[in-house]
$ cat entry33.cif   # mmCIF, C-alpha atoms
data_query
loop_
_atom_site.group_PDB
_atom_site.id
_atom_site.type_symbol
_atom_site.label_atom_id
_atom_site.label_comp_id
_atom_site.auth_asym_id
_atom_site.auth_seq_id
_atom_site.Cartn_x
_atom_site.Cartn_y
_atom_site.Cartn_z
ATOM 1 C CA MET A 1 0.000 0.000 0.000
ATOM 2 C CA ALA A 2 2.855 2.387 0.776
ATOM 3 C CA GLY A 3 4.305 1.922 -2.719
ATOM 4 C CA PHE A 4 0.999 2.872 -4.268
ATOM 5 C CA LEU A 5 0.730 6.001 -2.137
ATOM 6 C CA ASP A 6 4.303 6.985 -2.976
ATOM 7 C CA ARG A 7 3.620 6.640 -6.706
ATOM 8 C CA ALA A 8 0.385 8.611 -6.373
ATOM 9 C CA LYS A 9 2.210 11.348 -4.484
ATOM 10 C CA GLU A 10 4.952 11.500 -7.141
ATOM 11 C CA GLN A 11 2.362 11.688 -9.928
ATOM 12 C CA ALA A 12 0.496 14.457 -8.111
ATOM 13 C CA GLN A 13 3.740 16.409 -7.666
ATOM 14 C CA ARG A 14 4.607 16.024 -11.365
ATOM 15 C CA SER A 15 1.142 17.268 -12.291
ATOM 16 C CA LEU A 16 1.529 20.270 -10.006
ATOM 17 C CA ASP A 17 4.941 21.054 -11.488
ATOM 18 C CA GLN A 18 3.564 20.813 -15.036
ATOM 19 C CA GLY A 19 0.650 23.066 -14.122
ATOM 20 C CA LYS A 20 2.960 25.663 -12.601
ATOM 21 C CA GLN A 21 5.192 25.573 -15.670
ATOM 22 C CA LYS A 22 2.200 26.100 -17.960
ATOM 23 C CA LEU A 23 0.942 28.963 -15.786
ATOM 24 C CA ASP A 24 4.378 30.603 -15.918
ATOM 25 C CA GLU A 25 4.392 30.272 -19.727
ATOM 26 C CA VAL A 26 0.940 31.835 -20.016
ATOM 27 C CA GLN A 27 1.908 34.712 -17.729
ATOM 28 C CA ALA A 28 5.108 35.341 -19.700
ATOM 29 C CA GLN A 29 3.078 35.297 -22.936
ATOM 30 C CA ARG A 30 0.575 37.795 -21.513
ATOM 31 C CA THR A 31 3.342 40.073 -20.242
ATOM 32 C CA GLY A 32 5.063 39.943 -23.625
ATOM 33 C CA SER A 33 1.823 40.853 -25.384
ATOM 34 C CA ASP A 34 1.326 43.788 -23.024
ATOM 35 C CA LEU A 35 4.867 44.999 -23.689
ATOM 36 C CA LEU A 36 4.307 44.798 -27.450
ATOM 37 C CA LYS A 37 1.118 46.813 -27.069
ATOM 38 C CA LYS A 38 3.016 49.485 -25.105
ATOM 39 C CA LEU A 39 5.700 49.559 -27.801
ATOM 40 C CA GLY A 40 3.051 50.048 -30.476
ATOM 41 C CA LYS A 41 1.430 52.870 -28.516
ATOM 42 C CA ALA A 42 4.780 54.582 -27.953
ATOM 43 C CA TYR A 43 5.703 54.313 -31.626
ATOM 44 C CA TYR A 44 2.310 55.595 -32.749
ATOM 45 C CA ALA A 45 2.520 58.535 -30.353
ATOM 46 C CA GLN A 46 6.023 59.327 -31.600
ATOM 47 C CA GLN A 47 4.898 59.248 -35.237
ATOM 48 C CA LYS A 48 1.982 61.573 -34.439
ATOM 49 C CA GLY A 49 4.273 64.020 -32.655
ATOM 50 C CA ALA A 50 2.833 63.339 -29.210
ATOM 51 C CA GLY A 51 5.527 60.920 -28.059
ATOM 52 C CA SER A 52 9.268 60.847 -27.807
ATOM 53 C CA PRO A 53 11.988 58.641 -29.241
ATOM 54 C CA GLU A 54 13.077 57.942 -25.666
ATOM 55 C CA ALA A 55 9.680 56.483 -24.776
ATOM 56 C CA THR A 56 9.763 54.287 -27.878
ATOM 57 C CA GLN A 57 13.311 53.143 -27.101
ATOM 58 C CA SER A 58 12.351 52.403 -23.516
ATOM 59 C CA ALA A 59 9.407 50.270 -24.653
ATOM 60 C CA LEU A 60 11.619 48.474 -27.184
ATOM 61 C CA SER A 61 14.212 47.765 -24.502
ATOM 62 C CA ALA A 62 11.498 46.266 -22.281
ATOM 63 C CA VAL A 63 10.381 43.965 -25.119
ATOM 64 C CA GLU A 64 13.961 42.909 -25.836
ATOM 65 C CA SER A 65 14.644 42.254 -22.151
ATOM 66 C CA HIS A 66 11.511 40.145 -21.849
ATOM 67 C CA ALA A 67 12.448 38.172 -24.966
ATOM 68 C CA ALA A 68 15.942 37.553 -23.610
ATOM 69 C CA THR A 69 14.539 36.269 -20.328
ATOM 70 C CA HIS A 70 11.489 34.315 -21.489
ATOM 71 C CA GLY A 71 12.143 33.607 -25.161
ATOM 72 C CA ASP A 72 10.468 35.211 -28.153
ATOM 73 C CA ALA A 73 7.426 32.954 -28.522
ATOM 74 C CA PHE A 74 5.169 35.901 -27.683
ATOM 75 C CA LEU A 75 6.322 37.594 -30.883
ATOM 76 C CA ARG A 76 4.828 34.827 -33.020
ATOM 77 C CA SER A 77 1.320 34.742 -31.643
#

$ encode --input "entry33.cif" --output "structure tokens"
Amino acid sequence: MAGFLDRAKEQAQRSLDQGKQKLDEVQAQRTGSDLLKKLGKAYYAQQKGAGSPEATQSALSAVESHAATHGDAFLRS
């Protein structure tokens, strides 16, 4: 009986780990999408004369930093 409980516990832990990993991926994807939206807004404002190149560069740097940390999958969706 103990062997069965140990295997069940291990399976439950693996499932929890997989769920956490998926949640982290979804959160990174959402953050990346938000950063891209901010970059688009900054660029649009700059082109319309209401924004600055510094704001656009700052938004671009945030996107690049996020891509370096979490990968660039958010750029393809």

$ resolve_selection --input "entry33.cif" --expression "the PyMOL selection byres ((chain A and resi 63-77) around 10)" --output "NGL selection string"
:A and (24-26 or 28-39 or 57-62)

$ atom_distance --input "entry33.cif" --atom1 "CA of Leu5 in chain A" --atom2 "CA of Gln18 in chain A"
19.8 Å

$ atom_distance --input "entry33.cif" --atom1 "CA of Gln27 in chain A" --atom2 "CA of Ala12 in chain A"
22.5 Å
